[in-house]
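I have placed the structure first, in the form of structure tokens, so that the comments after it can refer back to it.
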Amino acid sequence: MNKNLPKWVDLGLIPLLTLLLAFAVSGLVVLSIGQDPVEVVQVMIKGAFNPFGIGHTLYFTTSFIFTGLAVAVAFHARLFNIGGEGQAGIAGVGVALVMLSYDWPHWSIALLVGTLAALAFGAAWAAIPAYLQAKRGSHIVITTIMFNLIATAIIGYLVVGPMQGEGSQPQSERFPASASLPDFHEIFGWFGLEFAKHAPANISFFIALVAALLVWILIWKTRLGYEMRAFGHSEKAAVYAGISPLKITMIAMLISGALSGLMAVNTVQGEAERLLLGSVEGAGFIGIAVALMGRSHPVGVLLAAFLFGILTQGGAELQFELGIPAQMITVIQALIIMFTGSLENLVRMPMEKIFIRAGKGATS
Amino acid sequence: MSSTTNNAGRLDAVAPAIELSGISKAFGPVQANKDISMTVAKGAIHGIVGENGAGKSTLMSILYGFYKADAGSVKIDGVPTQINDSHDAIAAGIGMVHQHFMLVDNFTVLENVVLGAEEGATLGPSLRKARKELKRLADEYELDVNPDALIEDISVGFQQRVEILKALYRQAEILILDEPTGVLTPDEADHLFRILRNLKEQGKTIVIITHKLREIMDVTDSVSVMRRGEMTKTIATSTTSPEDLAEAMVGRRVLLEVDKKPAVVGETVMQMKGLSVTDVHGVKRLKNVSFELKRGEILGIAGVAGNGQSELLEVISGIGAATSGEVLMHGEAIDVSKHANAELRRKRGISHVPEDRHQRGLVMPFMTWENTAFGYHNEPEYSGKMGLANQHHMKEDAREKMERFDIRPPNPQLVASHFSGGNQQKIVLAREIERNPDVLLIGQPTRGVDIGAIEFIHQQIVNLRDAGKAILLVSVELDEIQALSDRILVMFDGVVQGERLPENTNEGELGLLMAGVDPEANS
């Protein structure tokens with residue numbers, strides 16, 4: 001990013017200080033509602049990292065990695081995909097359709113098929129906004145928002161209509177047991193390790209890690225990623241180089257939608273094991289914050305997703321333990337997004353001054 | 001306003017109009033201005049020359065209140081003056097004409113002049129007052145413009161006059177002009193200089209920032225040379241020469257002429273037949289343009305910016321589509337429809353150094369090794385297996401190109417925005433010329449490029465010509481066209497207005513053609 005700062009300051013120290021600043025302000029907010037910030041932090045950390053809590057934290061982290069990567073990939077081509085909610089939701093429909101259609105002989109096959117369905121449905125839901133943007137210039141922010149609403153309506157219809165299961169609940173039939181994915185308890189068990197039972201974190205966490213690696217290769221090692229970045233920096237330059245804006249817009253959005261879609265493997269197949277209303281739980285939007293904070297770099301996305309995982313799980317614990325409203329945690333998340341997203345210069349400017357002065361002293 | 005009668009003949013009696021002392025300004029680690037002191041006498045035309053990044057614009061921005069100096073002081077008419085923003089500057093009698101005009105296109109001339117200087121709640125009185133004032137200024141300084149014309153309907157020459165009028169309407173006594181002739185025809189430039197001399201006679205002080213040494217010689221009384229943030233020299237214009245100024249700018253002797261042998265022109269490589277382009281607004285940008293391009297020649301396209309040259313380059317290079325007409329390469333038609341693709345052009349041996357290197361020629365946040373393969377990145381040599389890029393070769397290749405083209409600093413990991421204009425242009429040139437193309441399209445090869453690098457770039461273009469390649473050169477710098485071209489086409493309003501051989505023409509004739517006048521038709 002910055003030419004004048006050492007890398008560790010630019011990518012390590014500044015985000016860390018920004019985060020601390022956000023926490024400090026959050027502490028003031030906590031004080032203002034008559035709670036003790038130290039206690040709040042203790043409860044959150046305990047809630048997020050206790051043997052059972054970590055299973056939830058990693059479950060949320062998994063979802064945020066997928067949606068964060070989705071936003072990050074699109075960002076590199078300067079496309080603002082805020083349709084993660086809808087893409088993940090429709091991918092859930094796809095996962096449910098294939099899981100309910102056949103009794104898969106083994107979970108590994110169910111995982112493979114579920115993953116493919118999630119990829120395909122997520123990508124398909126991103127395809128129309130992408131095409132409209134590339135061909136007609138309809139702004140992708142607007143179209144993806146509308147597609148989020150359409151997706152919600154479709155899922156709402158499906159779970160009380162054609163796909164509704166037994167009973168009056170707005171949900172589909174439960175998937176056959178063979179579709180059930182190994183959770184962390186089971187996976188750790190293979191290696192003779194302990195992990196709390198019934199925590200929702202499941203094997204798709206590792207898919208998320210692989211996805212992060214693949215995104216890194218895509219963006220920085222392949223010619224397609226090179227073309228995406230070139231297009232993202234300057235469409236005029238891309239056209240000059242013979243890169244088709246239509247092609248790149250389509251491909252970037254399909255990949256982005258597919259990544260969002262993968263979230264359904266975690267939530268729909270891994271945890272709920274049925275199609276539910278609202279299974280995305282806002283993760284599509286948190287993905288935007290994750291990508292922003294992670295500077296659209298896969299490693300940054302992993303770290304930011306973990307942070308938001310901790311906040312989500314720890315925040316839920318606050319509600320139980322201290323009776324702090326859930327909205328409070330949203331405020332803290334918002335503060336983090338605000339500080340890392342738009343107030344970064346608050347930390348960056350003084351840092352630049354300090355390091356440039358120090359650098360001058362060292363060289364002269 | 002000063003009550004002294006300012007007479008060009010008696011300068012010594014009055015305090016200098018501008019007195020800068022010890023001005024310093026740093027942007028991060030870059031020292032843009034280092035301890036600069038400069039005095040401009042009242043009623044003088046003072047030039048400031050220097051390469052890009054020498055700190056000319058920074059200095060003037062400090063004077064106009066855009067930047068705050070880290071150190072130093074400003075005196076206007078001998079009075080210490082603190083200039084914090086443009087309001088202070090205007091109050092101190094300083095007016096600025098920017099390189100890119102600050103006008104509202106869909107306002108009339110009158111409305112633009114009044115904008116920001118309205119008095120009272122309703123516009124009527126201000127407009128009436130301005131109309132009277134404009135009339136007076138027009139008579140006094142040869143600054144006539146129709147006050148009711150819309151800005152978008154008048155030429156850039158007139159738009160510039162509106163900028164000057166704006167400053168005068170605000171009672172500017174000191175006028176700063178930043179690269180004022182960049183967008184003007186030679187004729188319009190002459191008119192501008194007449195206006196400036198008139199202003200001078202009325203006691204106004206004028207500062208011109210330019211990189212055109214000839215203009216400095218023509219119009220200024222004194223000149224300051226800036227180099228790397230420092231003011232290296234201030235001298236009376238009558239006692240210096242362009243060569244001396246160039247040397248002071250660059251720090252070494254510079255060849256201002258291009259050293260080239262007569263062209264050995266071969267067979268026709270490309271034929272353009274009846275090319276027309278209509279833009280999205282339905283405006284005809286290119287009208288039935290036909291010409292041929294031959295091996296071993298540099299065909300120069302002269303013209304004021306915006307007369308169809310850009311569209312011509314876009315069509316030939318596969319970036320833009322032609323509405324009608326065709327382009328033949330070795331007698332074979334190439335795609336000029338909207339499905340044209342620049343990558344296919346490159347495969348046919350057509351390389352393109354675009355006019356706008358910041359937006360097109362380079363991806364500014366890309367590292368040099370990413371930029372030196374840009375557009376050719378799908379060629380086998382840069383490709384790895386399974387869609388990967390062969391980054392090892394890209395880096396090696398960049399290193400070699402940087403060495404051969406003397407690109408500094410020679411570090412392939414640096415991003416493009418880190419280099420000076422000249423070195424950026426060399427990155428583009430290295431990429432396009434090293435492909436050994438049959439045809440090189442090159443737009444504004446030395447725009448924003450330091451004098452030192454201009455020499456090198458011109459030599460590369462001539463070398464490519466001497467290797468038997470066909471070169472289509474588009475430039476708004478008439479000097480450059482005349483120095484490099486073996487044949488000159490002049491474009492005006494989307495039409496080829498005339499063709500001349502450089503040895504049989506002169507600047508006056510080309511200038512008339514650029515303004516849409518056919519000198520032969522008159523005689």
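Identifiers for the structure tokens are assigned positionally: chains receive A, B, ... in sequence, residues are indexed from 1 per chain, and ligands are indexed from 1 in the order shown.
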Using only C-alpha atoms, tabulate the residues of chain B lying at most 8 Å from any atom of chain A, each with its closest atom pair and that distance in Å to one decimal, by chain and increasing residue number, as CSV.
residue,atom,partner,partner_atom,distance
B:Gly28,CA,A:Ile356,CA,7.2
B:Pro29,CA,A:Ile356,CA,6.8
B:Gly318,CA,A:Tyr240,CA,7.9
B:Ile319,CA,A:Tyr240,CA,5.8
B:Asn341,CA,A:Gly242,CA,5.3
B:Ala342,CA,A:Gly242,CA,4.3
B:Glu343,CA,A:Gly242,CA,4.4
B:Leu344,CA,A:Gly242,CA,7.6
B:Gln359,CA,A:Ala237,CA,5.8
B:Arg360,CA,A:Ala237,CA,3.7
B:Gly361,CA,A:Ala237,CA,6.2
B:Leu362,CA,A:Ala237,CA,6.7
B:Val363,CA,A:Ala230,CA,6.3
B:Met364,CA,A:His233,CA,7.8
B:Pro365,CA,A:His233,CA,7.4
B:Phe366,CA,A:Ala230,CA,8.0
B:Phe374,CA,A:Ala241,CA,6.4
B:Gly375,CA,A:Ala241,CA,3.9
B:Tyr376,CA,A:Ala241,CA,7.6
B:His377,CA,A:Arg223,CA,7.1
B:Asn378,CA,A:Arg223,CA,7.3
B:Ser383,CA,A:Arg223,CA,7.6
B:Gly387,CA,A:Thr222,CA,5.5
B:Leu388,CA,A:Thr222,CA,3.9
B:Ala389,CA,A:Thr222,CA,5.1
B:Gln391,CA,A:Lys221,CA,7.7
Export of prior selection with N, CA and C atoms as an mmCIF file, in the first residue's frame:
data_model
loop_
_atom_site.group_PDB
_atom_site.id
_atom_site.type_symbol
_atom_site.label_atom_id
_atom_site.label_comp_id
_atom_site.auth_asym_id
_atom_site.auth_seq_id
_atom_site.Cartn_x
_atom_site.Cartn_y
_atom_site.Cartn_z
ATOM 1 N N GLY B 28 5.819 14.394 2.541
ATOM 2 C CA GLY B 28 6.459 13.187 3.049
ATOM 3 C C GLY B 28 7.961 13.334 2.907
ATOM 4 N N PRO B 29 8.627 12.360 2.321
ATOM 5 C CA PRO B 29 10.080 12.447 2.200
ATOM 6 C C PRO B 29 10.520 13.298 1.004
ATOM 7 N N GLY B 318 -7.244 -0.940 -32.132
ATOM 8 C CA GLY B 318 -8.218 -1.940 -31.705
ATOM 9 C C GLY B 318 -8.894 -1.621 -30.383
ATOM 10 N N ILE B 319 -8.707 -0.411 -29.885
ATOM 11 C CA ILE B 319 -9.358 -0.035 -28.625
ATOM 12 C C ILE B 319 -10.778 0.453 -28.883
ATOM 13 N N ASN B 341 -10.160 -6.378 -30.990
ATOM 14 C CA ASN B 341 -9.494 -6.649 -29.734
ATOM 15 C C ASN B 341 -8.031 -6.259 -29.857
ATOM 16 N N ALA B 342 -7.566 -5.482 -28.875
ATOM 17 C CA ALA B 342 -6.212 -4.955 -28.937
ATOM 18 C C ALA B 342 -5.160 -6.066 -28.907
ATOM 19 N N GLU B 343 -5.499 -7.180 -28.262
ATOM 20 C CA GLU B 343 -4.535 -8.280 -28.184
ATOM 21 C C GLU B 343 -4.259 -8.852 -29.576
ATOM 22 N N LEU B 344 -5.309 -8.946 -30.389
ATOM 23 C CA LEU B 344 -5.128 -9.478 -31.745
ATOM 24 C C LEU B 344 -4.279 -8.532 -32.591
ATOM 25 N N GLN B 359 -3.536 6.212 -17.613
ATOM 26 C CA GLN B 359 -4.806 5.485 -17.610
ATOM 27 C C GLN B 359 -4.747 4.223 -18.465
ATOM 28 N N ARG B 360 -3.964 4.276 -19.534
ATOM 29 C CA ARG B 360 -3.969 3.163 -20.472
ATOM 30 C C ARG B 360 -2.663 2.380 -20.506
ATOM 31 N N GLY B 361 -1.585 3.115 -20.724
ATOM 32 C CA GLY B 361 -0.320 2.456 -21.027
ATOM 33 C C GLY B 361 0.244 1.670 -19.877
ATOM 34 N N LEU B 362 -0.077 2.095 -18.671
ATOM 35 C CA LEU B 362 0.444 1.425 -17.494
ATOM 36 C C LEU B 362 -0.698 1.199 -16.519
ATOM 37 N N VAL B 363 -0.550 0.139 -15.723
ATOM 38 C CA VAL B 363 -1.427 0.002 -14.575
ATOM 39 C C VAL B 363 -0.612 0.545 -13.416
ATOM 40 N N MET B 364 -0.961 1.719 -12.942
ATOM 41 C CA MET B 364 -0.071 2.432 -12.025
ATOM 42 C C MET B 364 0.281 1.658 -10.755
ATOM 43 N N PRO B 365 -0.644 0.924 -10.125
ATOM 44 C CA PRO B 365 -0.221 0.208 -8.915
ATOM 45 C C PRO B 365 0.504 -1.109 -9.214
ATOM 46 N N PHE B 366 0.682 -1.447 -10.478
ATOM 47 C CA PHE B 366 1.384 -2.686 -10.828
ATOM 48 C C PHE B 366 2.889 -2.471 -10.739
ATOM 49 N N PHE B 374 2.477 -6.249 -19.911
ATOM 50 C CA PHE B 374 1.065 -5.904 -20.011
ATOM 51 C C PHE B 374 0.601 -5.886 -21.471
ATOM 52 N N GLY B 375 -0.466 -6.615 -21.748
ATOM 53 C CA GLY B 375 -0.968 -6.707 -23.115
ATOM 54 C C GLY B 375 -0.385 -7.897 -23.859
ATOM 55 N N TYR B 376 0.792 -8.347 -23.407
ATOM 56 C CA TYR B 376 1.434 -9.520 -24.022
ATOM 57 C C TYR B 376 1.440 -10.680 -23.042
ATOM 58 N N HIS B 377 0.692 -10.535 -21.959
ATOM 59 C CA HIS B 377 0.811 -11.488 -20.853
ATOM 60 C C HIS B 377 0.307 -12.876 -21.211
ATOM 61 N N ASN B 378 -0.446 -12.982 -22.292
ATOM 62 C CA ASN B 378 -0.888 -14.315 -22.708
ATOM 63 C C ASN B 378 0.022 -14.942 -23.756
ATOM 64 N N SER B 383 3.665 -17.162 -20.214
ATOM 65 C CA SER B 383 2.637 -18.048 -19.667
ATOM 66 C C SER B 383 3.250 -19.275 -19.008
ATOM 67 N N GLY B 387 -2.840 -21.852 -16.642
ATOM 68 C CA GLY B 387 -3.314 -20.487 -16.420
ATOM 69 C C GLY B 387 -2.416 -19.645 -15.530
ATOM 70 N N LEU B 388 -1.339 -20.248 -15.049
ATOM 71 C CA LEU B 388 -0.430 -19.454 -14.228
ATOM 72 C C LEU B 388 0.384 -18.529 -15.124
ATOM 73 N N ALA B 389 0.940 -17.496 -14.493
ATOM 74 C CA ALA B 389 1.843 -16.621 -15.224
ATOM 75 C C ALA B 389 3.271 -17.078 -14.945
ATOM 76 N N GLN B 391 6.068 -15.944 -13.818
ATOM 77 C CA GLN B 391 6.537 -14.717 -13.166
ATOM 78 C C GLN B 391 8.050 -14.626 -13.162
#
Quick one: residues within 9 Å of Ser420 (chain B), only C-alpha atoms counted, chain neighbours fewer than 6 positions away excluded, as JSON, numbers by chain? {"B": [52, 53, 408, 449, 450]}
Name all residues at most 8 Å from region 291-306 of chain A (count only C-alpha atoms; drop same-chain ones fewer than 2 positions away) and give them as an mmCIF file with C-alpha atoms, in the first residue's frame.
data_model
loop_
_atom_site.group_PDB
_atom_site.id
_atom_site.type_symbol
_atom_site.label_atom_id
_atom_site.label_comp_id
_atom_site.auth_asym_id
_atom_site.auth_seq_id
_atom_site.Cartn_x
_atom_site.Cartn_y
_atom_site.Cartn_z
ATOM 1 C CA THR A 57 -16.450 -19.255 16.902
ATOM 2 C CA LEU A 58 -14.887 -21.361 14.163
ATOM 3 C CA THR A 61 -15.390 -17.839 11.125
ATOM 4 C CA THR A 62 -15.947 -20.378 8.339
ATOM 5 C CA PHE A 64 -17.137 -15.169 7.212
ATOM 6 C CA ILE A 65 -14.105 -16.553 5.375
ATOM 7 C CA GLY A 68 -15.081 -12.284 2.921
ATOM 8 C CA LEU A 69 -13.192 -14.025 0.127
ATOM 9 C CA VAL A 71 -16.136 -9.745 -1.588
ATOM 10 C CA ALA A 72 -12.326 -9.640 -1.827
ATOM 11 C CA VAL A 73 -12.195 -11.392 -5.207
ATOM 12 C CA PHE A 75 -12.937 -6.046 -5.131
ATOM 13 C CA HIS A 76 -9.821 -6.910 -7.080
ATOM 14 C CA ALA A 212 -8.317 -18.921 0.774
ATOM 15 C CA LEU A 213 -5.193 -20.547 -0.652
ATOM 16 C CA VAL A 215 -7.916 -17.296 -4.057
ATOM 17 C CA TRP A 216 -4.360 -16.252 -3.249
ATOM 18 C CA GLY A 287 -18.128 -10.455 4.536
ATOM 19 C CA ILE A 288 -17.864 -6.872 3.276
ATOM 20 C CA ALA A 289 -16.363 -5.757 6.568
ATOM 21 C CA PHE A 308 -15.604 -11.359 13.591
ATOM 22 C CA GLY A 309 -16.167 -14.983 14.555
ATOM 23 C CA ILE A 310 -14.939 -14.174 18.063
ATOM 24 C CA ILE A 337 -15.744 -1.426 10.610
ATOM 25 C CA THR A 340 -10.659 0.008 10.040
ATOM 26 C CA GLY A 341 -12.631 1.053 7.007
#
Name all residues at most 12 Å from Gly53 (chain A) (count only C-alpha atoms; drop same-chain ones fewer than 5 positions away) and give them as a PyMOL selection string. chain A and resi 43-48+58-60+195-201+309-317
Enter the distance from CA of Ile251 (chain A) to CA of Ile82 (chain A), in Å, rounded to one decimal.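 Those two atoms sit 16.2 Å apart.
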Excluding region 86-95 of chain A and residues on its chain fewer than 3 positions from it, collect all residues at most 8 Å away from it, counting only C-alpha atoms, and give them as a count of residues only. 37
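Those residues that approach region 8-19 of chain A to within 7 Å, counting only C-alpha atoms, are Leu5, Ala22, Phe23, Ile336, Phe339, Thr340, Glu344, Val347 and Arg348 of chain A; same-chain residues fewer than 3 positions away are not listed.
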Requested write-out: C-alpha atoms of the selected residues, as a tab-separated table (two decimals), in the first residue's frame:
chain	number	residue	atom	x	y	z
A	5	LEU	CA	6.42	2.56	5.55
A	22	ALA	CA	-11.92	0.72	18.10
A	23	PHE	CA	-11.92	-1.41	21.24
A	336	ILE	CA	-14.50	-1.80	14.16
A	339	PHE	CA	-12.24	2.52	12.39
A	340	THR	CA	-10.66	0.01	10.04
A	344	GLU	CA	-7.61	4.34	9.36
A	347	VAL	CA	-3.52	6.04	12.95
A	348	ARG	CA	-1.78	6.06	9.60
Lys34 (chain B) environment, 12 Å, only C-alpha atoms, sequence neighbours closer than 5 positions dropped, as number ranges by chain: B: 21-27, 54-56, 58-59, 69-72, 226-232
Please write the residues from the selection above to a file, keeping N, CA and C atoms, as a JSON list (two decimals), in the first residue's frame.
[["chain", "number", "residue", "atom", "x", "y", "z"],
["B", 21, "SER", "N", 10.63, 34.47, -0.14],
["B", 21, "SER", "CA", 11.95, 34.22, 0.43],
["B", 21, "SER", "C", 11.94, 32.95, 1.29],
["B", 22, "GLY", "N", 12.90, 32.11, 0.99],
["B", 22, "GLY", "CA", 13.14, 30.90, 1.78],
["B", 22, "GLY", "C", 11.99, 29.92, 1.82],
["B", 23, "ILE", "N", 11.25, 29.81, 0.70],
["B", 23, "ILE", "CA", 10.09, 28.90, 0.69],
["B", 23, "ILE", "C", 10.55, 27.45, 0.62],
["B", 24, "SER", "N", 10.08, 26.64, 1.56],
["B", 24, "SER", "CA", 10.34, 25.20, 1.54],
["B", 24, "SER", "C", 9.02, 24.46, 1.71],
["B", 25, "LYS", "N", 8.94, 23.34, 1.05],
["B", 25, "LYS", "CA", 7.73, 22.51, 1.19],
["B", 25, "LYS", "C", 8.10, 21.06, 0.93],
["B", 26, "ALA", "N", 7.72, 20.21, 1.86],
["B", 26, "ALA", "CA", 7.98, 18.78, 1.69],
["B", 26, "ALA", "C", 6.66, 18.03, 1.67],
["B", 27, "PHE", "N", 6.58, 17.02, 0.81],
["B", 27, "PHE", "CA", 5.47, 16.07, 0.85],
["B", 27, "PHE", "C", 6.06, 14.75, 1.30],
["B", 54, "ALA", "N", 9.90, 19.34, -10.89],
["B", 54, "ALA", "CA", 10.95, 20.24, -10.41],
["B", 54, "ALA", "C", 10.43, 21.15, -9.30],
["B", 55, "GLY", "N", 9.11, 21.23, -9.18],
["B", 55, "GLY", "CA", 8.54, 22.00, -8.08],
["B", 55, "GLY", "C", 7.88, 23.31, -8.49],
["B", 56, "LYS", "N", 7.72, 23.52, -9.83],
["B", 56, "LYS", "CA", 7.12, 24.77, -10.31],
["B", 56, "LYS", "C", 5.69, 24.92, -9.81],
["B", 58, "THR", "N", 4.17, 23.37, -7.43],
["B", 58, "THR", "CA", 4.08, 23.46, -5.97],
["B", 58, "THR", "C", 4.30, 24.90, -5.53],
["B", 59, "LEU", "N", 5.32, 25.51, -6.11],
["B", 59, "LEU", "CA", 5.65, 26.89, -5.72],
["B", 59, "LEU", "C", 4.46, 27.81, -6.00],
["B", 69, "ALA", "N", 3.29, 26.56, 2.94],
["B", 69, "ALA", "CA", 4.73, 26.31, 2.95],
["B", 69, "ALA", "C", 5.18, 25.90, 4.34],
["B", 70, "ASP", "N", 6.18, 25.00, 4.39],
["B", 70, "ASP", "CA", 6.73, 24.60, 5.69],
["B", 70, "ASP", "C", 7.54, 25.75, 6.28],
["B", 71, "ALA", "N", 8.18, 26.50, 5.40],
["B", 71, "ALA", "CA", 8.99, 27.63, 5.86],
["B", 71, "ALA", "C", 9.00, 28.69, 4.78],
["B", 72, "GLY", "N", 9.36, 29.91, 5.16],
["B", 72, "GLY", "CA", 9.49, 30.97, 4.17],
["B", 72, "GLY", "C", 8.38, 31.99, 4.27],
["B", 226, "MET", "N", 13.94, 26.01, -12.46],
["B", 226, "MET", "CA", 13.87, 25.15, -11.27],
["B", 226, "MET", "C", 14.36, 23.77, -11.62],
["B", 227, "ARG", "N", 15.03, 23.17, -10.67],
["B", 227, "ARG", "CA", 15.53, 21.81, -10.86],
["B", 227, "ARG", "C", 15.51, 21.11, -9.52],
["B", 228, "ARG", "N", 14.82, 20.00, -9.47],
["B", 228, "ARG", "CA", 14.72, 19.16, -8.26],
["B", 228, "ARG", "C", 14.41, 19.99, -7.02],
["B", 229, "GLY", "N", 13.39, 20.83, -7.14],
["B", 229, "GLY", "CA", 12.93, 21.56, -5.97],
["B", 229, "GLY", "C", 13.71, 22.82, -5.66],
["B", 230, "GLU", "N", 14.79, 23.04, -6.38],
["B", 230, "GLU", "CA", 15.58, 24.24, -6.11],
["B", 230, "GLU", "C", 15.50, 25.20, -7.28],
["B", 231, "MET", "N", 15.70, 26.47, -6.96],
["B", 231, "MET", "CA", 15.73, 27.45, -8.04],
["B", 231, "MET", "C", 17.20, 27.63, -8.41],
["B", 232, "THR", "N", 17.53, 27.17, -9.60],
["B", 232, "THR", "CA", 18.95, 27.13, -9.94],
["B", 232, "THR", "C", 19.43, 28.42, -10.58]]
CA of Val439 (chain B) to CA of Gly511 (chain B) measures 27.6 Å
Do you have the CA of Gln271 (chain B)-CA of Phe456 (chain B) distance handy?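 Interatomic distance here is 29.5 Å.
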Nearest to Asn81 (chain A), chosen from A:Pro51, A:Pro6, A:Pro176, A:Pro129, with only C-alpha atoms counted in the distances: A:Pro129
For Leu275 (chain B), which residue among B:Ile407, B:Leu513, B:Leu478, B:Ile316 is the nearest when counting only C-alpha atoms? B:Ile316
What are the DSSP strand (DSSP E or B) residues of region 170-246 of chain A, as a list of chain:residue names?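 Residues of region 170-246 of chain A classed as strand (DSSP E or B): A:Gln171, A:Ser172, A:Asp183, A:Asn202, A:Thr222.
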Using DSSP on the backbone coordinates, identify all residues within region 77-142 of chain A classified as helix (DSSP H, G or I); present the result as a PyMOL selection string. chain A and resi 84-101+107-136+140-142
Using only C-alpha atoms, which of B:Val250, B:Leu143, B:Val79, B:Ala149 sits nearest Leu192 (chain B)?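 Looking at the shortest contact to Leu192 (chain B), the residue is B:Leu143.
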